[in-house]
Each structure stands twice: as C-alpha cells, then as structure tokens.
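Enquirer: One file is attached below, run.tsv, containing TSV, C-alpha atoms.
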chain	number	residue	atom	x	y	z
K	25	MET	CA	-1.20	-12.87	-7.77
K	26	ARG	CA	1.52	-15.45	-8.13
K	27	HIS	CA	0.67	-18.17	-5.65
K	28	ASN	CA	4.24	-19.41	-5.28
K	29	LEU	CA	5.31	-16.11	-3.76
K	30	LEU	CA	5.10	-15.60	0.00
K	31	PHE	CA	2.17	-13.51	1.17
K	32	ASP	CA	1.32	-13.05	4.86
K	33	PHE	CA	-1.38	-10.75	6.15
K	34	LEU	CA	-1.47	-10.82	9.93
K	35	ALA	CA	-3.61	-8.74	12.27
K	36	ASP	CA	-2.66	-8.36	15.92
K	37	LYS	CA	-5.73	-6.90	17.59
K	38	GLU	CA	-3.91	-6.64	20.93
K	39	LYS	CA	-1.14	-4.44	19.51
K	40	ASN	CA	-3.32	-2.74	16.86
K	41	THR	CA	-0.90	-3.77	14.12
K	42	LEU	CA	-1.18	-5.21	10.66
K	43	THR	CA	1.81	-7.06	9.26
K	44	ILE	CA	1.88	-7.50	5.50
K	45	ARG	CA	4.75	-9.59	4.18
K	46	ARG	CA	5.21	-10.23	0.47
K	47	GLU	CA	7.88	-11.80	-1.75
K	48	PHE	CA	8.57	-10.39	-5.22
K	49	ALA	CA	10.27	-12.05	-8.19
K	50	ALA	CA	12.88	-9.32	-8.52
K	51	GLY	CA	15.99	-8.07	-6.78
K	52	ARG	CA	15.82	-5.85	-3.74
K	53	GLN	CA	17.12	-2.70	-5.48
K	54	LEU	CA	14.40	-2.80	-8.13
K	55	VAL	CA	11.65	-3.44	-5.59
K	56	TRP	CA	13.03	-0.63	-3.42
K	57	ASP	CA	12.83	1.70	-6.42
K	58	CYS	CA	9.19	0.73	-7.00
K	59	TYR	CA	8.37	1.71	-3.41
K	60	THR	CA	10.36	4.93	-3.30
K	61	LYS	CA	10.11	6.64	-6.72
K	62	ALA	CA	6.95	8.54	-7.58
K	63	GLU	CA	6.91	7.58	-11.26
K	64	LEU	CA	6.92	3.89	-10.26
K	65	LEU	CA	4.54	4.19	-7.29
K	66	ASN	CA	2.06	5.81	-9.67
K	67	GLN	CA	1.97	2.58	-11.65
K	68	TRP	CA	0.97	0.17	-8.89
K	69	PHE	CA	-0.01	1.71	-5.55
K	70	ALA	CA	-3.75	2.05	-6.20
K	71	PRO	CA	-5.54	-1.13	-7.28
K	72	LYS	CA	-7.25	-0.98	-10.66
K	73	PRO	CA	-9.47	0.59	-11.77
K	74	PHE	CA	-8.19	3.28	-9.40
K	75	THR	CA	-5.09	5.18	-10.43
K	76	THR	CA	-2.44	6.94	-8.38
K	77	ARG	CA	-1.29	10.49	-9.04
K	78	THR	CA	1.63	12.00	-7.16
K	79	LYS	CA	1.38	15.71	-6.52
K	80	SER	CA	4.75	15.98	-4.80
K	81	MET	CA	7.35	13.66	-3.34
K	82	ASP	CA	10.56	14.23	-1.45
K	83	PHE	CA	11.90	10.87	-0.38
K	84	ARG	CA	14.19	11.62	2.57
K	85	PRO	CA	13.81	11.82	6.36
K	86	GLY	CA	11.55	14.79	6.99
K	87	GLY	CA	10.22	14.63	3.42
K	88	HIS	CA	6.81	13.54	2.23
K	89	TRP	CA	4.72	11.88	-0.47
K	90	HIS	CA	1.48	13.71	-1.33
K	91	TYR	CA	-0.73	11.68	-3.63
K	92	ALA	CA	-4.27	10.87	-4.67
K	93	MET	CA	-6.03	7.63	-5.46
K	94	ILE	CA	-8.51	8.43	-8.20
K	95	ASP	CA	-11.71	6.61	-9.07
K	96	PRO	CA	-11.97	7.03	-12.86
K	97	SER	CA	-15.69	6.20	-12.94
K	98	SER	CA	-16.72	9.02	-10.58
K	99	GLY	CA	-13.64	11.23	-10.67
K	100	ALA	CA	-13.48	11.06	-6.86
K	101	GLU	CA	-10.02	11.72	-5.46
K	102	TYR	CA	-8.85	10.27	-2.13
K	103	TRP	CA	-5.85	12.26	-0.95
K	104	GLY	CA	-3.10	10.97	1.30
K	105	ARG	CA	0.08	12.40	2.74
K	106	THR	CA	2.93	10.20	3.91
K	107	GLU	CA	5.69	11.75	5.99
K	108	TYR	CA	9.05	10.02	5.90
K	109	ILE	CA	10.63	9.62	9.32
K	110	SER	CA	13.69	7.51	8.54
K	111	VAL	CA	15.24	6.13	5.36
K	112	ASN	CA	17.90	3.42	5.15
K	113	PRO	CA	18.47	2.45	1.48
K	114	ILE	CA	17.82	-0.35	0.55
K	115	ASP	CA	16.94	-1.89	3.92
K	116	GLY	CA	13.84	0.04	4.92
K	117	TYR	CA	12.05	3.21	5.87
K	118	THR	CA	9.46	4.41	8.37
K	119	THR	CA	6.58	6.80	7.80
K	120	PHE	CA	3.52	8.39	9.31
K	121	ASP	CA	0.53	7.98	7.02
K	122	ALA	CA	-2.39	10.44	7.01
K	123	PHE	CA	-5.49	11.42	5.11
K	124	SER	CA	-5.20	14.87	3.60
K	125	ASN	CA	-6.76	17.19	1.07
K	126	GLU	CA	-5.49	18.32	-2.31
K	127	ALA	CA	-3.60	21.18	-0.66
K	128	GLY	CA	-1.71	18.66	1.48
K	129	GLU	CA	-3.38	19.69	4.72
K	130	ILE	CA	-3.63	16.69	7.02
K	131	ASN	CA	-7.07	15.66	8.26
K	132	ASN	CA	-6.52	15.62	12.02
K	133	GLU	CA	-9.97	14.14	12.63
K	134	LEU	CA	-8.80	10.84	11.24
K	135	PRO	CA	-6.15	8.76	12.97
K	136	ARG	CA	-2.70	8.36	11.52
K	137	ALA	CA	-0.78	5.13	11.27
K	138	LYS	CA	2.93	4.43	11.57
K	139	TRP	CA	4.39	2.28	8.82
K	140	VAL	CA	7.66	0.36	9.19
K	141	VAL	CA	8.70	-1.02	5.80
K	142	THR	CA	11.59	-3.48	5.70
K	143	PHE	CA	13.28	-5.00	2.64
K	144	SER	CA	15.26	-8.25	2.66
K	145	ASP	CA	16.62	-10.86	0.27
K	146	LYS	CA	15.22	-14.34	-0.30
K	147	GLY	CA	17.56	-15.93	-2.80
K	148	GLU	CA	17.22	-13.87	-5.99
K	149	ASN	CA	13.90	-12.47	-4.79
K	150	ALA	CA	13.05	-9.64	-2.43
K	151	VAL	CA	10.72	-9.72	0.57
K	152	VAL	CA	9.00	-6.59	1.82
K	153	GLU	CA	7.46	-6.48	5.28
K	154	THR	CA	5.11	-3.62	6.12
K	155	VAL	CA	4.01	-3.21	9.73
K	156	VAL	CA	1.15	-0.73	10.09
K	157	THR	CA	0.51	0.41	13.66
K	158	TYR	CA	-2.47	2.37	14.91
K	159	ALA	CA	-2.29	4.09	18.30
K	160	SER	CA	-5.35	2.21	19.58
K	161	LEU	CA	-8.16	-0.08	18.56
K	162	THR	CA	-10.38	3.00	18.75
K	163	ASP	CA	-8.25	4.63	16.06
K	164	LEU	CA	-8.65	1.61	13.85
K	165	GLU	CA	-12.40	1.58	14.42
K	166	THR	CA	-12.50	5.28	13.53
K	167	ILE	CA	-10.77	4.55	10.25
K	168	ILE	CA	-13.29	1.84	9.52
K	169	ASN	CA	-16.33	3.87	10.53
K	170	MET	CA	-15.39	7.32	9.27
K	171	GLY	CA	-12.64	7.25	6.77
K	172	MET	CA	-12.24	4.16	4.77
K	173	GLU	CA	-15.46	2.22	4.80
K	174	GLU	CA	-17.19	3.93	1.91
K	175	GLY	CA	-14.15	4.33	-0.28
K	176	MET	CA	-13.03	0.83	0.50
K	177	LYS	CA	-16.47	-0.62	-0.15
K	178	ALA	CA	-16.58	1.01	-3.58
K	179	THR	CA	-13.08	-0.25	-4.27
K	180	LEU	CA	-13.81	-3.75	-3.13
K	181	ASP	CA	-16.88	-4.07	-5.29
K	182	LYS	CA	-14.59	-3.55	-8.25
K	183	LEU	CA	-11.87	-5.67	-6.71
K	184	ASP	CA	-14.14	-8.69	-6.63
K	185	GLU	CA	-14.22	-8.58	-10.40
K	186	LEU	CA	-10.47	-8.00	-10.60
K	187	LEU	CA	-9.64	-10.90	-8.28
K	188	LEU	CA	-11.85	-13.25	-10.25
K	189	THR	CA	-9.98	-12.22	-13.39
K	190	LEU	CA	-6.62	-12.79	-11.70
K	191	LYS	CA	-7.63	-16.27	-10.57
K	192	LYS	CA	-8.53	-17.38	-14.13
N	4	MET	CA	-15.42	-7.06	16.06
N	5	LYS	CA	-17.45	-8.46	13.16
N	6	MET	CA	-17.00	-5.17	11.28
N	7	LEU	CA	-13.29	-5.23	12.03
N	8	ASN	CA	-12.95	-8.73	10.60
N	9	HIS	CA	-14.92	-7.71	7.52
N	10	TRP	CA	-12.67	-4.69	7.05
N	11	LEU	CA	-9.54	-6.81	7.47
N	12	GLU	CA	-10.79	-9.21	4.81
N	13	GLY	CA	-11.36	-6.31	2.45
N	14	TYR	CA	-8.04	-4.68	3.27
N	15	ARG	CA	-6.23	-7.94	2.55
N	16	ALA	CA	-7.89	-8.08	-0.90
N	17	PHE	CA	-6.87	-4.45	-1.43
N	18	TRP	CA	-3.21	-5.31	-0.79
N	19	GLU	CA	-3.41	-8.46	-2.94
N	20	ALA	CA	-4.63	-6.41	-5.89
N	21	ARG	CA	-1.99	-3.76	-5.23
N	22	PHE	CA	0.76	-6.39	-5.19
N	23	ALA	CA	-0.57	-8.03	-8.36
N	24	GLN	CA	0.08	-4.72	-10.09
N	25	LEU	CA	3.59	-4.51	-8.65
N	26	ASP	CA	4.24	-8.08	-9.88
N	27	HIS	CA	3.16	-6.97	-13.34
N	28	LEU	CA	5.39	-3.88	-13.23
N	29	LEU	CA	8.39	-5.94	-12.12
N	30	SER	CA	7.80	-8.50	-14.87
N	31	THR	CA	7.72	-5.65	-17.38
N	32	PHE	CA	11.15	-4.53	-16.20
N	33	LYS	CA	12.40	-8.10	-16.46
N	34	SER	CA	11.12	-8.45	-20.04
N	35	LYS	CA	12.77	-5.19	-21.06
N	36	LYS	CA	16.05	-6.29	-19.50
N	37	ASN	CA	15.92	-9.61	-21.35
N	38	GLU	CA	15.22	-7.85	-24.64
N	39	ALA	CA	18.16	-5.47	-24.21
Can the structure from this file be put into structure tokens for me?
Expert:
Amino acid sequence: MRHNLLFDFLADKEKNTLTIRREFAAGRQLVWDCYTKAELLNQWFAPKPFTTRTKSMDFRPGGHWHYAMIDPSSGAEYWGRTEYISVNPIDGYTTFDAFSNEAGEINNELPRAKWVVTFSDKGENAVVETVVTYASLTDLETIINMGMEEGMKATLDKLDELLLTLKK
Amino acid sequence: MKMLNHWLEGYRAFWEARFAQLDHLLSTFKSKKNEA
C-alpha cells in the first residue's frame, strides 16, 4: 500500500462497528466507478491470490450484487450477496451484506452487516469511508466462529506473503 | 476478546491487500489516460 495515503481501521466494540477510511490517488468519480461497476469490482475486491467473479449486479436501491470470492488453489468459492438500500451518486450508498450460495439464496444462519459507504474529496484525491455495523457483539462473534474464521485464516496465510512483497 | 482482536488484525490486513489492488487498478487508469 502507499504509505502516504490515509488509512484508518477503527473498531468500536461498544457499537459493534468497524470504520474503514482510505484515501485514493484518483478523483471521486473514478473511485466511485471502481466500487459500483461489476467489471471493475472484479479486478480488486478479493485480495490476491483470490479472484472475484460477479454472477449478477443491479446497482440501484433495491438491487443487488451477487458474487463469489474464489480460491484458485482449491477452487473453493465463497459466495456473497449485497443488497443495495440507498444510492446517492457519487456521495455514497448503503447496503446489507450477507453470505449466500451460488443460487443467491441468503444464509440466514449467519448474521448480516449493514454497510454505509461514503465518498468525499481530499484535494485531487478521493476518500472512502466504510462503516460496517453488526446488530450485536454476538453476531460478530458468530461471524468469527462460524463463517469467516476458516476462509479468513486460509486467506491470511497467503496474505502474509503478499504483504511482505508489498513492503519490499 | 482475544479471538476478536486476532480477527480484527486479520481483517485489517484483508482490507489493506484489497486496497493495494484498487491502488494498482487506479494507477493503471492514470497511465492509460496519460498515454492517450
């Protein structure tokens, strides 16, 4: 990552929120496009070596993004479905995030999170703030224990190598 | 709470790697624009 660009990662364990704030060396319109167009999301949303594949996307209030993060070494696919609640180009959007299957059926056994994504200007750069809210600490613990731990662990093992490469 | 902190550390790294890819994509657009 570019160390001169703002990056905040804040956890509020009282409010069950994660706030992720990041500056990008590009204008707001272009960054907005990268967050809201499937062909661009496919190129960055899943960290390498994982890849992202969009099955369907309809970016509008009431629409959705149905996608998979794919582990090329095992072929494992981790499906997600994001439902768009509100869209205000190019200021922000809100969503409900969920785990799903390939058919797009939401896994109701795993908690969902609300995402509020806000775009702003910082000189010629853009700043994106993502606030992820879980309904309760129990929900977050469920995600850790049931849903994400194994997939995340596998991802992070590979990420260690990636991050070392990025730091060189 | 220890597990939560461990997960947060991992999730932060996950987002860092994700953003590194977006940085790369944006720089690609910039290069193409400069070439045009």
Enquirer: What is the distance between atom CA of K:Trp68 and atom CA of N:Arg21, in Å to one decimal?
Expert: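 Going from atom CA of K:Trp68 over to atom CA of N:Arg21 covers 6.1 Å.
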Enquirer: I'd like the neighbourhood of stretch 143-145 of chain K as an mmCIF file with C-alpha atoms, keeping the file's coordinate frame, where a residue qualifies if any of its atoms comes within 7 Å (using only C-alpha atoms), though same-chain residues fewer than 5 positions away should be ignored.
Expert:
data_model
loop_
_atom_site.group_PDB
_atom_site.id
_atom_site.type_symbol
_atom_site.label_atom_id
_atom_site.label_comp_id
_atom_site.auth_asym_id
_atom_site.auth_seq_id
_atom_site.Cartn_x
_atom_site.Cartn_y
_atom_site.Cartn_z
ATOM 1 C CA ARG K 52 15.820 -5.850 -3.740
ATOM 2 C CA ILE K 114 17.820 -0.350 0.550
ATOM 3 C CA ASP K 115 16.940 -1.890 3.920
ATOM 4 C CA GLY K 116 13.840 0.040 4.920
ATOM 5 C CA ALA K 150 13.050 -9.640 -2.430
ATOM 6 C CA VAL K 151 10.720 -9.720 0.570
ATOM 7 C CA VAL K 152 9.000 -6.590 1.820
ATOM 8 C CA GLU K 153 7.460 -6.480 5.280
#
Enquirer: Using all atoms listed in the file, find the residues of chain N whose closest atom to chain K is at most 6 Å away, then write them as a VMD selection string.
Expert: chain N and resid 20 to 21 23 to 25
Enquirer: To one decimal in Å, tell me the separation between atom CA of K:Val140 and atom CA of K:Phe120.
Expert: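 Atom CA of K:Phe120 lies 9.0 Å from atom CA of K:Val140.
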Enquirer: Tell me which residues come within 12 Å of (-10.9, 8.4, -13.2), as an NGL selection string, counting all atoms listed in the file in the file's coordinates.
Expert: :K and (70 or 72-77 or 92-102)
Enquirer: Padding of 4 Å on every side, edges along x, y and z, all listed atoms of stretch 104-122 of chain K included: what centre and edge lengths in Å, to one decimal, does that box have, as JSON?
Expert:
{"center_x": 7.7, "center_y": 5.3, "center_z": 4.9, "size_x": 29.6, "size_y": 22.3, "size_z": 16.8}
Enquirer: Can you tell me which residues surround stretch 87-90 of chain K at a distance of at most 7 Å, considering all atoms listed in the file, apart from same-chain residues fewer than 3 positions away, and format the answer as JSON, numbers by chain?
Expert: {"K": [78, 79, 80, 81, 82, 83, 84, 104, 105, 106, 107, 108, 128]}
Enquirer: Compare K:Asn28, K:Pro113, K:Asn149, K:Arg45 by their minimum atom-to-atom distance to N:Leu29, counting only C-alpha atoms, and give me the closest one.
Expert: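 Result for the nearest residue to N:Leu29: K:Asn149.
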Enquirer: Check the smallest atom-to-atom distance from each of K:Gly147, K:Leu134, K:Val111, K:Trp139 to K:Thr166 using only C-alpha atoms, then report the winner.
Expert: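 Residue with the minimum atom-to-atom distance to K:Thr166: K:Leu134.
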Enquirer: In Å to one decimal, how far is atom CA of K:Glu63 from atom CA of N:Leu28?
Expert: 11.7 Å
